[in-house]
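Containing TSV, C-alpha atoms: start-v4.tsv.
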```tsv
chain	number	residue	atom	x	y	z
A	1	MET	CA	-13.38	-48.52	-27.88
A	2	PRO	CA	-12.36	-44.93	-27.12
A	3	ALA	CA	-10.39	-44.29	-23.97
A	4	ASP	CA	-11.92	-42.22	-21.17
A	5	PRO	CA	-11.20	-38.50	-21.67
A	6	PRO	CA	-8.36	-37.30	-19.51
A	7	SER	CA	-9.25	-35.26	-16.42
A	8	SER	CA	-9.00	-31.48	-16.74
A	9	PRO	CA	-5.46	-30.25	-16.19
A	10	ALA	CA	-4.72	-28.10	-13.16
A	11	LEU	CA	-5.21	-24.41	-13.79
A	12	ARG	CA	-1.86	-22.72	-14.29
A	13	ALA	CA	-0.96	-19.81	-11.98
A	14	SER	CA	-0.04	-16.48	-13.50
A	15	ASP	CA	2.50	-13.98	-12.20
A	16	ALA	CA	-0.46	-11.87	-11.04
A	17	ASP	CA	-1.80	-14.83	-9.01
A	18	ARG	CA	1.58	-15.30	-7.33
A	19	ASP	CA	1.86	-11.55	-6.64
A	20	ARG	CA	-1.59	-11.44	-5.03
A	21	VAL	CA	-0.73	-14.34	-2.72
A	22	ILE	CA	2.50	-12.63	-1.68
A	23	GLU	CA	0.57	-9.42	-0.94
A	24	LEU	CA	-1.79	-11.41	1.29
A	25	LEU	CA	1.16	-12.95	3.09
A	26	ARG	CA	2.66	-9.49	3.64
A	27	ALA	CA	-0.64	-8.27	5.08
A	28	ALA	CA	-0.77	-11.32	7.36
A	29	VAL	CA	2.69	-10.50	8.72
A	30	ALA	CA	1.61	-6.91	9.34
A	31	ASP	CA	-1.48	-8.22	11.20
A	32	GLY	CA	0.64	-10.58	13.31
A	33	ARG	CA	-0.87	-13.75	11.84
A	34	LEU	CA	2.41	-14.96	10.36
A	35	ASP	CA	5.92	-14.66	11.72
A	36	GLN	CA	8.93	-13.87	9.56
A	37	ALA	CA	10.04	-17.51	9.20
A	38	GLU	CA	6.58	-18.62	8.04
A	39	PHE	CA	6.41	-15.68	5.66
A	40	ASP	CA	9.77	-16.52	4.07
A	41	GLU	CA	8.80	-20.18	3.68
A	42	ARG	CA	5.44	-19.39	2.08
A	43	VAL	CA	6.86	-16.75	-0.25
A	44	ASP	CA	9.42	-19.27	-1.52
A	45	ALA	CA	6.59	-21.75	-2.13
A	46	ALA	CA	4.47	-19.10	-3.88
A	47	LEU	CA	7.31	-18.15	-6.21
A	48	ALA	CA	7.83	-21.82	-7.08
A	49	ALA	CA	4.11	-22.61	-7.52
A	50	ARG	CA	3.02	-23.45	-11.06
A	51	THR	CA	-0.71	-24.03	-10.49
A	52	ILE	CA	-3.60	-22.43	-8.58
A	53	ASP	CA	-3.89	-25.65	-6.57
A	54	ALA	CA	-0.32	-25.18	-5.36
A	55	LEU	CA	-0.99	-21.56	-4.35
A	56	ALA	CA	-4.28	-22.10	-2.53
A	57	PRO	CA	-2.89	-23.87	0.59
A	58	LEU	CA	-0.48	-20.97	1.23
A	59	THR	CA	-3.37	-18.70	2.22
A	60	ALA	CA	-6.03	-21.27	3.21
A	61	ASP	CA	-5.59	-20.57	6.94
A	62	LEU	CA	-5.64	-16.80	6.37
A	63	ILE	CA	-8.76	-16.38	4.23
A	64	ALA	CA	-12.01	-18.11	3.39
A	65	ALA	CA	-11.77	-19.29	-0.22
A	66	PRO	CA	-15.13	-20.75	-1.28
A	67	GLY	CA	-14.99	-23.11	-4.25
A	68	SER	CA	-11.89	-24.41	-5.91
A	69	GLY	CA	-12.08	-23.02	-9.43
A	70	THR	CA	-10.53	-19.66	-8.77
A	71	LEU	CA	-8.33	-18.10	-6.17
A	72	ALA	CA	-10.53	-15.98	-3.89
A	73	LEU	CA	-8.30	-13.53	-2.07
A	74	PRO	CA	-10.24	-10.86	-0.17
A	75	LEU	CA	-8.56	-10.03	3.14
A	76	ALA	CA	-8.52	-7.16	5.61
A	77	GLY	CA	-5.90	-4.85	4.17
A	78	ILE	CA	-6.46	-6.00	0.56
A	79	PRO	CA	-9.50	-4.62	-1.30
A	80	ALA	CA	-11.96	-7.18	-2.68
A	81	GLU	CA	-12.58	-4.97	-5.72
A	82	PRO	CA	-9.97	-3.15	-7.80
A	83	ALA	CA	-8.84	0.14	-6.31
A	84	ALA	CA	-9.06	3.36	-8.27
A	85	GLU	CA	-6.05	4.02	-10.46
A	86	LEU	CA	-6.05	7.73	-9.58
A	87	LEU	CA	-7.68	9.76	-6.80
A	88	THR	CA	-7.38	13.54	-7.03
A	89	ILE	CA	-7.83	15.85	-4.03
A	90	ARG	CA	-8.20	19.56	-4.80
A	91	GLU	CA	-8.59	22.24	-2.13
A	92	ARG	CA	-7.87	25.94	-1.71
A	93	HIS	CA	-7.63	27.79	1.62
A	94	GLY	CA	-9.28	24.97	3.58
A	95	SER	CA	-8.46	21.64	5.22
A	96	VAL	CA	-8.42	18.02	4.06
A	97	ARG	CA	-8.55	14.99	6.36
A	98	ARG	CA	-8.61	11.32	5.27
A	99	GLU	CA	-8.59	8.83	8.11
A	100	GLY	CA	-10.11	5.57	9.28
A	101	ARG	CA	-10.70	2.73	6.83
A	102	TRP	CA	-10.42	4.09	3.30
A	103	THR	CA	-9.21	2.38	0.14
A	104	LEU	CA	-5.92	3.66	-1.18
A	105	PRO	CA	-5.72	4.26	-4.92
A	106	HIS	CA	-2.63	3.32	-6.91
A	107	ARG	CA	-1.88	7.04	-7.35
A	108	LEU	CA	-3.09	9.96	-5.25
A	109	ARG	CA	-2.81	13.46	-6.69
A	110	LEU	CA	-2.79	16.23	-4.07
A	111	ASN	CA	-3.44	19.64	-5.62
A	112	THR	CA	-3.74	22.17	-2.78
A	113	ALA	CA	-2.96	25.79	-1.98
A	114	TRP	CA	-2.66	27.17	1.56
A	115	CYS	CA	-4.38	24.16	3.12
A	116	ASP	CA	-3.87	21.87	6.09
A	117	VAL	CA	-3.82	18.28	4.83
A	118	MET	CA	-3.75	15.18	7.03
A	119	LEU	CA	-3.65	11.72	5.39
A	120	ASP	CA	-3.84	8.92	7.95
A	121	LEU	CA	-2.83	5.60	6.33
A	122	THR	CA	-2.74	3.52	9.52
A	123	LYS	CA	-6.12	1.82	8.84
A	124	ALA	CA	-6.26	2.34	5.09
A	125	VAL	CA	-6.94	-0.60	2.76
A	126	ARG	CA	-3.86	-1.08	0.60
A	127	SER	CA	-4.24	-1.68	-3.11
A	128	GLY	CA	-0.71	-2.89	-3.77
A	129	PRO	CA	2.88	-2.73	-2.56
A	130	GLU	CA	3.28	0.93	-3.57
A	131	LEU	CA	1.32	4.19	-3.29
A	132	ILE	CA	2.41	7.13	-5.44
A	133	ILE	CA	1.45	10.55	-4.06
A	134	GLU	CA	1.84	13.31	-6.66
A	135	LEU	CA	2.02	16.68	-4.92
A	136	ARG	CA	1.18	20.06	-6.39
A	137	VAL	CA	1.27	21.89	-3.07
A	138	ARG	CA	1.56	25.63	-2.56
A	139	GLY	CA	1.60	26.78	1.06
A	140	GLY	CA	0.11	25.04	4.09
A	141	ASN	CA	0.91	21.78	5.83
A	142	VAL	CA	0.86	18.17	4.67
A	143	GLU	CA	1.05	15.44	7.31
A	144	LEU	CA	1.25	11.71	6.55
A	145	ILE	CA	0.55	9.28	9.39
A	146	LEU	CA	1.94	5.86	8.57
A	147	ALA	CA	1.60	2.34	9.96
A	148	PRO	CA	4.57	0.11	10.86
A	149	GLY	CA	6.01	-1.45	7.72
A	150	MET	CA	5.35	1.63	5.58
A	151	VAL	CA	8.39	3.44	4.21
A	152	VAL	CA	8.65	6.75	2.37
A	153	ASP	CA	10.68	7.55	-0.74
A	154	ALA	CA	10.85	11.31	-1.46
A	155	ASN	CA	13.55	11.22	-4.15
A	156	GLU	CA	11.12	12.42	-6.85
A	157	LEU	CA	9.79	15.37	-4.84
A	158	SER	CA	11.01	18.90	-5.66
A	159	VAL	CA	10.73	21.45	-2.84
A	160	ARG	CA	11.40	25.17	-2.54
A	161	TYR	CA	10.98	27.33	0.56
A	162	THR	CA	9.57	24.20	2.21
A	163	LYS	CA	10.33	22.36	5.45
A	164	LEU	CA	10.52	18.66	4.63
A	165	THR	CA	10.72	16.02	7.36
A	166	ILE	CA	10.82	12.52	5.85
A	167	SER	CA	11.90	9.47	7.84
A	168	LYS	CA	12.90	6.28	6.09
A	169	ASP	CA	10.74	4.09	8.33
A	170	ALA	CA	9.32	3.74	11.82
A	171	GLY	CA	12.62	2.38	13.12
A	172	ASP	CA	10.96	-0.78	14.43
A	173	ASN	CA	12.45	-3.19	11.85
A	174	ALA	CA	8.95	-4.17	10.65
A	175	LEU	CA	8.70	-5.97	7.32
A	176	GLU	CA	8.05	-3.48	4.51
A	177	THR	CA	4.37	-3.71	3.50
A	178	LEU	CA	3.86	-0.45	1.62
A	179	ARG	CA	6.25	1.96	-0.09
A	180	VAL	CA	4.92	5.53	-0.30
A	181	ARG	CA	6.57	7.43	-3.17
A	182	LEU	CA	6.33	11.22	-3.02
A	183	ALA	CA	6.65	12.99	-6.36
A	184	GLY	CA	5.84	16.40	-7.81
A	185	ARG	CA	6.59	19.72	-6.14
A	186	ALA	CA	5.89	21.73	-3.01
A	187	ARG	CA	6.43	25.46	-2.46
A	188	HIS	CA	6.19	27.46	0.79
A	189	ALA	CA	4.89	24.39	2.67
A	190	VAL	CA	5.61	22.09	5.60
A	191	ILE	CA	5.62	18.36	4.79
A	192	GLU	CA	6.20	15.69	7.41
A	193	THR	CA	5.68	12.00	8.03
A	194	ARG	CA	5.21	10.30	11.35
A	195	TRP	CA	4.33	6.93	12.82
A	196	PRO	CA	1.97	6.64	15.81
A	197	THR	CA	3.78	6.09	19.12
A	198	PRO	CA	3.31	2.44	20.11
A	199	ARG	CA	1.14	1.84	23.17
A	200	ARG	CA	2.95	0.58	26.23
```
Written as structure tokens, how would this file's structure read?
Amino acid sequence: MPADPPSSPALRASDADRDRVIELLRAAVADGRLDQAEFDERVDAALAARTIDALAPLTADLIAAPGSGTLALPLAGIPAEPAAELLTIRERHGSVRREGRWTLPHRLRLNTAWCDVMLDLTKAVRSGPELIIELRVRGGNVELILAPGMVVDANELSVRYTKLTISKDAGDNALETLRVRLAGRARHAVIETRWPTPRR
């Protein structure tokens, strides 16, 4: 008599599954839903997890995950659908403003001449741990408004006849949630980053 078929094995977790859980945990720290000790403990567990079933409890109190077959990970701060790989903004002799809740691409190409540009990332939906901004800027002003936990890396940016004011971070010791990499070139421009002043 044949033996009963074995139950289905637990679905194995991929590196991408573990990375997505860690991104959710980072967003939860930024939102104030997890403290640093809880974050460290859950990240260690996520890195050690071998199955989806082991990952699911790490975010169960942070998201609603209907069903048990797949890991459902939409969360404020993480887009439910894939973000655009590249968003290009082109403008001449005008102004560009992006603010409020907008989905960040993986790469943003800014191709402007003699424009005022303001990119407010404080409420933006993050698509990953890094945003690459490729600048082709000639004249005008570029202002980046960043949320706590965002840091700026301008090592790949070439400037000439340009005032560049780049701070490493907000100075509040917040956990890094997004690295903004500036690349490309700027000529005859003013580029600065700032963090909103915290309310008292």
Would you pick out the contacts of A:Thr177 at 7 Å or less, using only C-alpha atoms, so that residues sharing its chain but fewer than 5 positions from it are not included, and give the list as number ranges by chain? A: 26-27, 129, 149-150
Neighbours of A:Glu134 within 6 Å (only C-alpha atoms; same-chain residues fewer than 4 positions away dropped), as a PyMOL selection string? chain A and resi 109+183-184
Can you write out the residues you just picked, keeping C-alpha atoms, as a short mmCIF file (atom, residue, chain, number, x, y, z; two decimals), in the coordinates of the input?
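Okay, part.cif is ready:
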```
data_model
loop_
_atom_site.label_atom_id
_atom_site.label_comp_id
_atom_site.auth_asym_id
_atom_site.auth_seq_id
_atom_site.Cartn_x
_atom_site.Cartn_y
_atom_site.Cartn_z
CA ARG A 109 -2.81 13.46 -6.69
CA ALA A 183 6.65 12.99 -6.36
CA GLY A 184 5.84 16.40 -7.81
#
```
Set the distance at 7 Å and use all atoms listed in the file: which residues neighbour stretch 111-122 of chain A once local chain neighbours fewer than 2 positions away are removed? I'd like the list as a PyMOL selection string. chain A and resi 89-99+109+124+135-147
With the cut-off set at 12 Å and counting all atoms listed in the file, tabulate each residue of stretch 100-199 of chain A with an atom at most that distance from an atom of stretch 32-54 of chain A, showing the nearest atom pair and its distance in Å to one decimal, ordered by chain and increasing number, as JSON lines.
```
{"residue": "A:Pro148", "atom": "CA", "partner": "A:Gly32", "partner_atom": "CA", "distance": 11.7}
{"residue": "A:Gly149", "atom": "CA", "partner": "A:Gly32", "partner_atom": "CA", "distance": 12.0}
{"residue": "A:Asn173", "atom": "CA", "partner": "A:Gln36", "partner_atom": "CA", "distance": 11.5}
{"residue": "A:Ala174", "atom": "CA", "partner": "A:Gln36", "partner_atom": "CA", "distance": 9.8}
{"residue": "A:Leu175", "atom": "CA", "partner": "A:Gln36", "partner_atom": "CA", "distance": 8.2}
{"residue": "A:Glu176", "atom": "CA", "partner": "A:Gln36", "partner_atom": "CA", "distance": 11.6}
```
So the first atom is atom CA of A:Asp153 and the second is atom CA of A:Leu108; what is the distance between them in Å, to one decimal place?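 Between these atoms lies a distance of 14.7 Å.
Closest to A:Ile22 among A:Glu85, A:Arg160, A:Thr193, A:Gly128 is A:Gly128, based on only C-alpha atoms.
Using all atoms listed in the file for every distance, the candidate list A:Leu164, A:Ala60, A:Leu131, A:Ala84 yields A:Leu164 as the residue closest to A:Arg187.
The residue that comes closest to A:Arg126, out of A:Leu11, A:Leu86, A:Leu178, A:Ala154 and on the basis of all atoms listed in the file, is A:Leu178.
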From the list A:Val29, A:Leu55, A:Ile166, A:Ala186, which residue is nearest A:Asp17 when using all atoms listed in the file?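 Nearest candidate to A:Asp17 out of A:Val29, A:Leu55, A:Ile166, A:Ala186: A:Leu55.
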Separation of atom CA of A:Val125 and atom CA of A:Leu24, in Å?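 That distance, rounded to one decimal, is 12.1 Å.
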For stretch 36-68 of chain A, which lacks atoms in the input, supply N, CA and C atoms and format the output as a PDB file, in the frame of the given file.
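After the write, out-v9.pdb holds the following:
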```pdb
ATOM      1  N   GLN A  36       8.029 -14.064  10.692  1.00  0.00           N
ATOM      2  CA  GLN A  36       8.930 -13.870   9.560  1.00  0.00           C
ATOM      3  C   GLN A  36       9.358 -15.186   8.921  1.00  0.00           C
ATOM      4  N   ALA A  37       9.600 -16.219   9.747  1.00  0.00           N
ATOM      5  CA  ALA A  37      10.040 -17.510   9.200  1.00  0.00           C
ATOM      6  C   ALA A  37       8.943 -18.140   8.345  1.00  0.00           C
ATOM      7  N   GLU A  38       7.691 -18.086   8.828  1.00  0.00           N
ATOM      8  CA  GLU A  38       6.580 -18.620   8.040  1.00  0.00           C
ATOM      9  C   GLU A  38       6.399 -17.838   6.747  1.00  0.00           C
ATOM     10  N   PHE A  39       6.537 -16.521   6.854  1.00  0.00           N
ATOM     11  CA  PHE A  39       6.410 -15.680   5.660  1.00  0.00           C
ATOM     12  C   PHE A  39       7.440 -16.068   4.615  1.00  0.00           C
ATOM     13  N   ASP A  40       8.708 -16.169   5.020  1.00  0.00           N
ATOM     14  CA  ASP A  40       9.770 -16.520   4.070  1.00  0.00           C
ATOM     15  C   ASP A  40       9.505 -17.864   3.408  1.00  0.00           C
ATOM     16  N   GLU A  41       9.060 -18.840   4.204  1.00  0.00           N
ATOM     17  CA  GLU A  41       8.800 -20.180   3.680  1.00  0.00           C
ATOM     18  C   GLU A  41       7.660 -20.162   2.664  1.00  0.00           C
ATOM     19  N   ARG A  42       6.594 -19.425   2.983  1.00  0.00           N
ATOM     20  CA  ARG A  42       5.440 -19.390   2.080  1.00  0.00           C
ATOM     21  C   ARG A  42       5.726 -18.579   0.823  1.00  0.00           C
ATOM     22  N   VAL A  43       6.507 -17.518   0.943  1.00  0.00           N
ATOM     23  CA  VAL A  43       6.860 -16.750  -0.250  1.00  0.00           C
ATOM     24  C   VAL A  43       7.685 -17.606  -1.202  1.00  0.00           C
ATOM     25  N   ASP A  44       8.639 -18.377  -0.668  1.00  0.00           N
ATOM     26  CA  ASP A  44       9.420 -19.270  -1.520  1.00  0.00           C
ATOM     27  C   ASP A  44       8.509 -20.258  -2.250  1.00  0.00           C
ATOM     28  N   ALA A  45       7.518 -20.791  -1.510  1.00  0.00           N
ATOM     29  CA  ALA A  45       6.590 -21.750  -2.130  1.00  0.00           C
ATOM     30  C   ALA A  45       5.718 -21.066  -3.181  1.00  0.00           C
ATOM     31  N   ALA A  46       5.304 -19.815  -2.907  1.00  0.00           N
ATOM     32  CA  ALA A  46       4.470 -19.100  -3.880  1.00  0.00           C
ATOM     33  C   ALA A  46       5.249 -18.826  -5.167  1.00  0.00           C
ATOM     34  N   LEU A  47       6.504 -18.430  -5.030  1.00  0.00           N
ATOM     35  CA  LEU A  47       7.310 -18.150  -6.210  1.00  0.00           C
ATOM     36  C   LEU A  47       7.565 -19.404  -7.043  1.00  0.00           C
ATOM     37  N   ALA A  48       7.584 -20.560  -6.381  1.00  0.00           N
ATOM     38  CA  ALA A  48       7.830 -21.820  -7.080  1.00  0.00           C
ATOM     39  C   ALA A  48       6.548 -22.462  -7.609  1.00  0.00           C
ATOM     40  N   ALA A  49       5.386 -21.987  -7.155  1.00  0.00           N
ATOM     41  CA  ALA A  49       4.110 -22.610  -7.520  1.00  0.00           C
ATOM     42  C   ALA A  49       3.831 -22.434  -9.011  1.00  0.00           C
ATOM     43  N   ARG A  50       3.357 -23.509  -9.639  1.00  0.00           N
ATOM     44  CA  ARG A  50       3.020 -23.450 -11.060  1.00  0.00           C
ATOM     45  C   ARG A  50       1.523 -23.497 -11.303  1.00  0.00           C
ATOM     46  N   THR A  51       0.745 -23.911 -10.303  1.00  0.00           N
ATOM     47  CA  THR A  51      -0.710 -24.030 -10.490  1.00  0.00           C
ATOM     48  C   THR A  51      -1.442 -23.312  -9.355  1.00  0.00           C
ATOM     49  N   ILE A  52      -2.747 -23.022  -9.608  1.00  0.00           N
ATOM     50  CA  ILE A  52      -3.600 -22.430  -8.580  1.00  0.00           C
ATOM     51  C   ILE A  52      -3.712 -23.375  -7.393  1.00  0.00           C
ATOM     52  N   ASP A  53      -3.782 -24.683  -7.662  1.00  0.00           N
ATOM     53  CA  ASP A  53      -3.890 -25.650  -6.570  1.00  0.00           C
ATOM     54  C   ASP A  53      -2.683 -25.609  -5.649  1.00  0.00           C
ATOM     55  N   ALA A  54      -1.518 -25.283  -6.191  1.00  0.00           N
ATOM     56  CA  ALA A  54      -0.320 -25.180  -5.360  1.00  0.00           C
ATOM     57  C   ALA A  54      -0.315 -23.890  -4.549  1.00  0.00           C
ATOM     58  N   LEU A  55      -0.948 -22.830  -5.069  1.00  0.00           N
ATOM     59  CA  LEU A  55      -0.990 -21.560  -4.350  1.00  0.00           C
ATOM     60  C   LEU A  55      -2.026 -21.557  -3.224  1.00  0.00           C
ATOM     61  N   ALA A  56      -3.160 -22.201  -3.464  1.00  0.00           N
ATOM     62  CA  ALA A  56      -4.280 -22.100  -2.530  1.00  0.00           C
ATOM     63  C   ALA A  56      -3.935 -22.450  -1.078  1.00  0.00           C
ATOM     64  N   PRO A  57      -3.179 -23.536  -0.810  1.00  0.00           N
ATOM     65  CA  PRO A  57      -2.890 -23.870   0.590  1.00  0.00           C
ATOM     66  C   PRO A  57      -2.055 -22.820   1.324  1.00  0.00           C
ATOM     67  N   LEU A  58      -1.360 -21.964   0.593  1.00  0.00           N
ATOM     68  CA  LEU A  58      -0.480 -20.970   1.230  1.00  0.00           C
ATOM     69  C   LEU A  58      -1.266 -19.894   1.955  1.00  0.00           C
ATOM     70  N   THR A  59      -2.535 -19.720   1.568  1.00  0.00           N
ATOM     71  CA  THR A  59      -3.370 -18.700   2.220  1.00  0.00           C
ATOM     72  C   THR A  59      -4.644 -19.296   2.811  1.00  0.00           C
ATOM     73  N   ALA A  60      -4.785 -20.633   2.767  1.00  0.00           N
ATOM     74  CA  ALA A  60      -6.030 -21.270   3.210  1.00  0.00           C
ATOM     75  C   ALA A  60      -6.355 -20.985   4.670  1.00  0.00           C
ATOM     76  N   ASP A  61      -5.335 -20.844   5.522  1.00  0.00           N
ATOM     77  CA  ASP A  61      -5.590 -20.570   6.940  1.00  0.00           C
ATOM     78  C   ASP A  61      -5.662 -19.081   7.240  1.00  0.00           C
ATOM     79  N   LEU A  62      -5.585 -18.252   6.192  1.00  0.00           N
ATOM     80  CA  LEU A  62      -5.640 -16.800   6.370  1.00  0.00           C
ATOM     81  C   LEU A  62      -6.915 -16.199   5.823  1.00  0.00           C
ATOM     82  N   ILE A  63      -7.544 -16.896   4.868  1.00  0.00           N
ATOM     83  CA  ILE A  63      -8.760 -16.380   4.230  1.00  0.00           C
ATOM     84  C   ILE A  63      -9.745 -17.509   4.042  1.00  0.00           C
ATOM     85  N   ALA A  64     -10.990 -17.141   3.788  1.00  0.00           N
ATOM     86  CA  ALA A  64     -12.010 -18.110   3.390  1.00  0.00           C
ATOM     87  C   ALA A  64     -12.080 -18.092   1.875  1.00  0.00           C
ATOM     88  N   ALA A  65     -11.781 -19.228   1.248  1.00  0.00           N
ATOM     89  CA  ALA A  65     -11.770 -19.290  -0.220  1.00  0.00           C
ATOM     90  C   ALA A  65     -12.822 -20.273  -0.691  1.00  0.00           C
ATOM     91  N   PRO A  66     -14.088 -19.831  -0.851  1.00  0.00           N
ATOM     92  CA  PRO A  66     -15.130 -20.750  -1.280  1.00  0.00           C
ATOM     93  C   PRO A  66     -14.888 -21.250  -2.693  1.00  0.00           C
ATOM     94  N   GLY A  67     -15.184 -22.544  -2.922  1.00  0.00           N
ATOM     95  CA  GLY A  67     -14.990 -23.110  -4.250  1.00  0.00           C
ATOM     96  C   GLY A  67     -13.536 -23.397  -4.523  1.00  0.00           C
ATOM     97  N   SER A  68     -13.278 -24.077  -5.597  1.00  0.00           N
ATOM     98  CA  SER A  68     -11.890 -24.410  -5.910  1.00  0.00           C
ATOM     99  C   SER A  68     -11.487 -23.992  -7.308  1.00  0.00           C
TER     100      SER A  68
END
```
